[in-house]
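Shown below: entry-v5.txt, with compact mmCIF, C-alpha atoms and all ligand atoms.
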# COMPACT_ATOMS: atom_id res chain seq x y z
CA MET A 1 -15.90 28.79 -10.31
CA ARG A 2 -16.61 31.84 -8.12
CA VAL A 3 -20.33 32.22 -7.42
CA VAL A 4 -21.77 35.27 -5.68
CA ALA A 5 -25.11 35.11 -3.88
CA ALA A 6 -27.40 37.72 -2.33
CA LEU A 7 -28.96 37.71 1.12
CA LEU A 8 -31.86 39.98 0.16
CA PRO A 9 -34.31 40.90 2.95
CA HIS A 10 -37.96 41.49 2.22
CA PRO A 11 -38.45 45.29 2.06
CA GLU A 12 -41.13 45.24 4.77
CA ASP A 13 -40.06 42.21 6.81
CA GLY A 14 -36.35 42.04 7.49
CA ALA A 15 -36.69 38.58 9.07
CA ARG A 16 -37.37 36.98 5.68
CA PHE A 17 -34.94 36.65 2.77
CA LEU A 18 -35.34 35.79 -0.91
CA VAL A 19 -34.54 32.26 -2.06
CA GLN A 20 -35.10 30.72 -5.47
CA GLN A 21 -35.70 27.25 -6.83
CA ARG A 22 -33.49 26.20 -9.73
CA LEU A 23 -35.08 25.31 -13.05
CA PRO A 24 -35.88 21.67 -13.84
CA GLY A 25 -33.61 19.84 -16.24
CA GLY A 26 -30.25 21.54 -15.60
CA SER A 27 -27.58 21.08 -12.96
CA ARG A 28 -28.90 20.87 -9.37
CA ALA A 29 -32.40 20.89 -10.83
CA LEU A 30 -35.20 22.10 -8.52
CA LEU A 31 -32.86 22.63 -5.58
CA TRP A 32 -33.08 25.93 -3.73
CA GLU A 33 -30.36 28.59 -3.65
CA PHE A 34 -29.74 32.27 -3.02
CA PRO A 35 -30.09 34.55 -6.07
CA GLY A 36 -26.83 35.25 -7.88
CA GLY A 37 -24.47 33.44 -10.21
CA LYS A 38 -21.02 33.19 -11.73
CA VAL A 39 -18.48 36.00 -11.57
CA GLU A 40 -17.17 36.66 -15.10
CA PRO A 41 -13.44 37.24 -15.72
CA GLY A 42 -12.43 40.78 -14.78
CA GLU A 43 -15.71 41.46 -12.96
CA SER A 44 -15.92 42.41 -9.28
CA ASP A 45 -18.12 40.37 -6.94
CA GLU A 46 -20.37 43.38 -6.42
CA ALA A 47 -20.81 44.06 -10.14
CA ALA A 48 -21.49 40.37 -10.85
CA LEU A 49 -24.12 40.16 -8.12
CA ALA A 50 -25.89 43.33 -9.25
CA ARG A 51 -25.82 42.09 -12.87
CA GLU A 52 -27.15 38.61 -12.05
CA CYS A 53 -29.99 40.02 -9.94
CA ARG A 54 -30.90 42.52 -12.66
CA GLU A 55 -30.94 39.73 -15.29
CA GLU A 56 -32.59 37.01 -13.21
CA LEU A 57 -34.92 38.99 -10.92
CA ASP A 58 -35.35 42.34 -12.70
CA VAL A 59 -34.35 44.27 -9.57
CA ALA A 60 -31.69 46.83 -8.69
CA LEU A 61 -29.66 45.97 -5.58
CA GLU A 62 -27.15 47.63 -3.35
CA VAL A 63 -24.42 45.17 -2.35
CA GLY A 64 -23.11 45.45 1.21
CA ARG A 65 -20.66 43.42 3.26
CA ARG A 66 -19.46 39.89 2.69
CA LEU A 67 -21.26 37.58 5.13
CA TRP A 68 -19.98 34.09 4.35
CA GLU A 69 -17.62 32.23 2.04
CA GLY A 70 -17.14 28.51 1.45
CA ARG A 71 -15.96 25.98 -1.11
CA HIS A 72 -17.82 22.89 -2.28
CA THR A 73 -16.94 20.27 -4.88
CA TYR A 74 -19.78 18.79 -6.93
CA PRO A 75 -19.15 15.93 -9.38
CA ASP A 76 -19.17 18.47 -12.25
CA LEU A 77 -17.56 21.55 -10.67
CA THR A 78 -16.06 23.19 -7.61
CA VAL A 79 -17.80 26.35 -6.46
CA GLU A 80 -16.39 29.08 -4.28
CA LEU A 81 -19.66 30.45 -2.89
CA VAL A 82 -19.68 33.98 -1.44
CA LEU A 83 -22.75 35.45 0.25
CA TYR A 84 -23.27 39.23 0.47
CA ALA A 85 -25.71 41.36 2.42
CA THR A 86 -27.85 43.30 -0.07
CA ARG A 87 -30.67 45.81 -0.09
CA LEU A 88 -33.45 46.21 -2.65
CA VAL A 89 -33.14 49.59 -4.36
CA SER A 90 -35.91 49.22 -6.95
CA GLY A 91 -38.19 46.66 -8.55
CA GLU A 92 -40.07 43.65 -7.30
CA PRO A 93 -38.36 40.26 -7.77
CA ARG A 94 -39.68 38.26 -10.74
CA PRO A 95 -38.69 34.62 -11.42
CA LEU A 96 -37.09 35.25 -14.84
CA GLY A 97 -34.38 32.62 -14.38
CA ALA A 98 -35.87 30.50 -11.61
CA HIS A 99 -38.68 28.00 -11.18
CA ALA A 100 -40.01 29.72 -8.02
CA LEU A 101 -39.18 32.53 -5.58
CA LYS A 102 -39.98 32.73 -1.87
CA PHE A 103 -39.19 35.08 1.01
CA LEU A 104 -38.40 32.82 3.97
CA THR A 105 -36.88 32.95 7.45
CA PRO A 106 -33.61 31.03 7.90
CA ALA A 107 -35.50 28.39 9.91
CA GLU A 108 -37.99 27.92 7.07
CA MET A 109 -35.13 27.55 4.58
CA GLY A 110 -33.88 24.60 6.61
CA ALA A 111 -36.98 22.64 5.56
CA LEU A 112 -36.24 22.98 1.81
CA PRO A 113 -33.78 20.96 -0.30
CA PHE A 114 -30.91 23.41 -0.91
CA CYS A 115 -27.81 23.07 -3.08
CA GLU A 116 -25.18 21.17 -1.11
CA ALA A 117 -22.77 24.13 -1.08
CA ASP A 118 -25.40 26.08 0.89
CA ILE A 119 -25.80 23.61 3.76
CA PRO A 120 -22.97 24.98 5.96
CA LEU A 121 -24.05 28.52 5.02
CA LEU A 122 -27.59 27.82 6.24
CA GLU A 123 -26.26 26.33 9.48
CA ASP A 124 -24.33 29.54 10.19
CA LEU A 125 -27.32 31.69 9.18
CA VAL A 126 -29.76 29.80 11.43
CA ALA A 127 -27.30 29.89 14.33
CA GLY A 128 -26.85 33.67 13.97
CA ARG A 129 -23.12 33.32 13.24
CA MET A 130 -23.03 35.96 10.48
CA GLY A 131 -23.47 39.01 12.69
CA SER A 132 -25.52 41.92 11.41
CA LEU A 133 -27.27 41.00 8.16
CA GLY A 134 -28.06 44.57 7.12
N1 LIG B 201 -26.76 31.46 -7.49
C1 LIG B 201 -26.41 30.46 -6.70
N2 LIG B 201 -25.73 29.39 -7.20
C2 LIG B 201 -25.40 28.42 -6.33
C3 LIG B 201 -25.73 28.48 -4.96
N3 LIG B 201 -25.28 27.34 -4.36
C4 LIG B 201 -24.70 26.58 -5.31
O1 LIG B 201 -24.20 25.47 -5.16
N4 LIG B 201 -24.76 27.24 -6.53
C5 LIG B 201 -24.24 26.69 -7.80
C6 LIG B 201 -25.33 26.35 -8.79
C7 LIG B 201 -24.64 26.53 -10.13
O2 LIG B 201 -23.97 25.32 -10.47
C8 LIG B 201 -23.63 27.63 -9.85
C9 LIG B 201 -24.14 28.98 -10.26
O3 LIG B 201 -24.14 29.04 -11.61
P1 LIG B 201 -25.13 29.99 -12.40
O4 LIG B 201 -26.40 30.15 -11.63
O5 LIG B 201 -24.42 31.19 -12.84
O6 LIG B 201 -25.37 29.20 -13.72
P2 LIG B 201 -26.31 27.99 -14.04
O7 LIG B 201 -27.55 28.06 -13.25
O8 LIG B 201 -26.41 27.92 -15.50
O9 LIG B 201 -25.44 26.80 -13.48
P3 LIG B 201 -24.64 25.72 -14.30
O10 LIG B 201 -25.67 24.98 -15.11
O11 LIG B 201 -23.61 26.47 -15.11
O12 LIG B 201 -24.03 24.87 -13.21
O13 LIG B 201 -23.41 27.62 -8.43
C10 LIG B 201 -26.43 29.61 -4.46
O14 LIG B 201 -26.79 29.73 -3.27
N5 LIG B 201 -26.74 30.57 -5.37

Transcribe the structure of this file into C-alpha cells.
Ligand SMILES: Nc1nc2c([nH]c(=O)n2[C@H]2C[C@H](O)[C@@H](COP(=O)(O)OP(=O)(O)OP(=O)(O)O)O2)c(=O)[nH]1
Amino acid sequence: MRVVAALLPHPEDGARFLVQQRLPGGSRALLWEFPGGKVEPGESDEAALARECREELDVALEVGRRLWEGRHTYPDLTVELVLYATRLVSGEPRPLGAHALKFLTPAEMGALPFCEADIPLLEDLVAGRMGSLG
C-alpha cells in the first residue's frame, strides 16, 4: 500500500509541523502519524495528499518536493510511506479523521508514540537529513 504523508509547517512558526493521533479502535490505534493516507489506483501522490488533507483536516495544501520514502511491514500490511513538503494554502486544520492534532518540533515528536513506519523518518528529520523542508 502506498501512503502519502504531509510535512505541514505551522503558518506562523516554521519550526513546528502538524502531527495527528490515530483514532482509538482501528489499526495502530492512538499512535501518532503525519496527515495523509492511501493513494488510490490511478491517483498521483500529490492529488492523493491534497485529497486526504481536504477530507481529514478541511484544509487546502500545496504539495512540494518529496522529502523521504521508506517501506515498513506490519503484521497486517506493508506500507510504502512517502513524505512530502507542503504549505497551507487555506483553512485551519480540524481533527475530522483524527483523535488529536498538534503542531510540534521534530524533537518533541520524538517523545510521542509514532507508527513504526515513521521511526526512521523521524530519525532523519531530527538529524536534519532531509535538507530544506520548505
Ligand atoms: N497517514 C499516515 N499513515 C501512516 C503513517 N505511518 C504509517 O505507518 N501509516 C499507516 C497507517 C495506516 O495503516 C496507513 C494509512 O492508511 P489510511 O490512513 O488511509 O487509512 P486508515 O486510517 O483507515 O488505515 P487502515 O485502517 O486502512 O490501516 O498507513 C503516517 O505517517 N501517516

Name the residues, by chain letter and number, that sit within 10 Å of ligand LIG 201 (chain B) using only C-alpha atoms and all ligand atoms, and give them as a PDB file with C-alpha atoms, in the coordinates of the input.
ATOM      1  CA  MET A   1     -15.900  28.790 -10.310  1.00  0.00           C
ATOM      2  CA  ARG A   2     -16.610  31.840  -8.120  1.00  0.00           C
ATOM      3  CA  VAL A   3     -20.330  32.220  -7.420  1.00  0.00           C
ATOM      4  CA  VAL A   4     -21.770  35.270  -5.680  1.00  0.00           C
ATOM      5  CA  ALA A   5     -25.110  35.110  -3.880  1.00  0.00           C
ATOM      6  CA  ALA A   6     -27.400  37.720  -2.330  1.00  0.00           C
ATOM      7  CA  LEU A   7     -28.960  37.710   1.120  1.00  0.00           C
ATOM      8  CA  VAL A  19     -34.540  32.260  -2.060  1.00  0.00           C
ATOM      9  CA  GLN A  20     -35.100  30.720  -5.470  1.00  0.00           C
ATOM     10  CA  GLN A  21     -35.700  27.250  -6.830  1.00  0.00           C
ATOM     11  CA  ARG A  22     -33.490  26.200  -9.730  1.00  0.00           C
ATOM     12  CA  LEU A  23     -35.080  25.310 -13.050  1.00  0.00           C
ATOM     13  CA  GLY A  25     -33.610  19.840 -16.240  1.00  0.00           C
ATOM     14  CA  GLY A  26     -30.250  21.540 -15.600  1.00  0.00           C
ATOM     15  CA  SER A  27     -27.580  21.080 -12.960  1.00  0.00           C
ATOM     16  CA  ARG A  28     -28.900  20.870  -9.370  1.00  0.00           C
ATOM     17  CA  ALA A  29     -32.400  20.890 -10.830  1.00  0.00           C
ATOM     18  CA  LEU A  31     -32.860  22.630  -5.580  1.00  0.00           C
ATOM     19  CA  TRP A  32     -33.080  25.930  -3.730  1.00  0.00           C
ATOM     20  CA  GLU A  33     -30.360  28.590  -3.650  1.00  0.00           C
ATOM     21  CA  PHE A  34     -29.740  32.270  -3.020  1.00  0.00           C
ATOM     22  CA  PRO A  35     -30.090  34.550  -6.070  1.00  0.00           C
ATOM     23  CA  GLY A  36     -26.830  35.250  -7.880  1.00  0.00           C
ATOM     24  CA  GLY A  37     -24.470  33.440 -10.210  1.00  0.00           C
ATOM     25  CA  LYS A  38     -21.020  33.190 -11.730  1.00  0.00           C
ATOM     26  CA  VAL A  39     -18.480  36.000 -11.570  1.00  0.00           C
ATOM     27  CA  GLU A  40     -17.170  36.660 -15.100  1.00  0.00           C
ATOM     28  CA  ALA A  48     -21.490  40.370 -10.850  1.00  0.00           C
ATOM     29  CA  LEU A  49     -24.120  40.160  -8.120  1.00  0.00           C
ATOM     30  CA  GLU A  52     -27.150  38.610 -12.050  1.00  0.00           C
ATOM     31  CA  CYS A  53     -29.990  40.020  -9.940  1.00  0.00           C
ATOM     32  CA  GLU A  56     -32.590  37.010 -13.210  1.00  0.00           C
ATOM     33  CA  ARG A  71     -15.960  25.980  -1.110  1.00  0.00           C
ATOM     34  CA  HIS A  72     -17.820  22.890  -2.280  1.00  0.00           C
ATOM     35  CA  THR A  73     -16.940  20.270  -4.880  1.00  0.00           C
ATOM     36  CA  TYR A  74     -19.780  18.790  -6.930  1.00  0.00           C
ATOM     37  CA  ASP A  76     -19.170  18.470 -12.250  1.00  0.00           C
ATOM     38  CA  LEU A  77     -17.560  21.550 -10.670  1.00  0.00           C
ATOM     39  CA  THR A  78     -16.060  23.190  -7.610  1.00  0.00           C
ATOM     40  CA  VAL A  79     -17.800  26.350  -6.460  1.00  0.00           C
ATOM     41  CA  GLU A  80     -16.390  29.080  -4.280  1.00  0.00           C
ATOM     42  CA  LEU A  81     -19.660  30.450  -2.890  1.00  0.00           C
ATOM     43  CA  VAL A  82     -19.680  33.980  -1.440  1.00  0.00           C
ATOM     44  CA  LEU A  83     -22.750  35.450   0.250  1.00  0.00           C
ATOM     45  CA  GLY A  97     -34.380  32.620 -14.380  1.00  0.00           C
ATOM     46  CA  ALA A  98     -35.870  30.500 -11.610  1.00  0.00           C
ATOM     47  CA  PHE A 114     -30.910  23.410  -0.910  1.00  0.00           C
ATOM     48  CA  CYS A 115     -27.810  23.070  -3.080  1.00  0.00           C
ATOM     49  CA  GLU A 116     -25.180  21.170  -1.110  1.00  0.00           C
ATOM     50  CA  ALA A 117     -22.770  24.130  -1.080  1.00  0.00           C
ATOM     51  CA  ASP A 118     -25.400  26.080   0.890  1.00  0.00           C
ATOM     52  CA  ILE A 119     -25.800  23.610   3.760  1.00  0.00           C
ATOM     53  CA  LEU A 121     -24.050  28.520   5.020  1.00  0.00           C
ATOM     54  CA  LEU A 122     -27.590  27.820   6.240  1.00  0.00           C
TER      55      LEU A 122
END

Which protein, DNA or RNA residues are at most 10 Å from (-40.0, 34.1, 6.9) in the file's coordinates when you count all atoms listed in the file, listed as a list in words? Pro9, His10, Asp13, Gly14, Ala15, Arg16, Phe17, Leu18, Lys102, Phe103, Leu104, Thr105, Pro106, Ala107, Glu108 and Met109 of chain A

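In terms of minimum interatomic distance to A:Leu101, A:Leu57 ranks closest within A:Leu57, A:Ala47, A:Leu133, A:Pro41, counting only C-alpha atoms.
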
Distance of atom CA of A:Ser90 from atom CA of A:Glu62, expressed in Å to one decimal place: 9.6 Å

Box for stretch 70-84 of chain A: with edges along x, y and z, all listed atoms inside and 5 Å added on each side, what are the centre and edge lengths in Å to one decimal, as AutoDock Vina command-line options?
--center_x -19.6 --center_y 27.6 --center_z -5.4 --size_x 17.3 --size_y 33.3 --size_z 23.7

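Atom to atom, atom CA of A:Pro120 and atom CA of A:Leu8 stand 18.4 Å apart.
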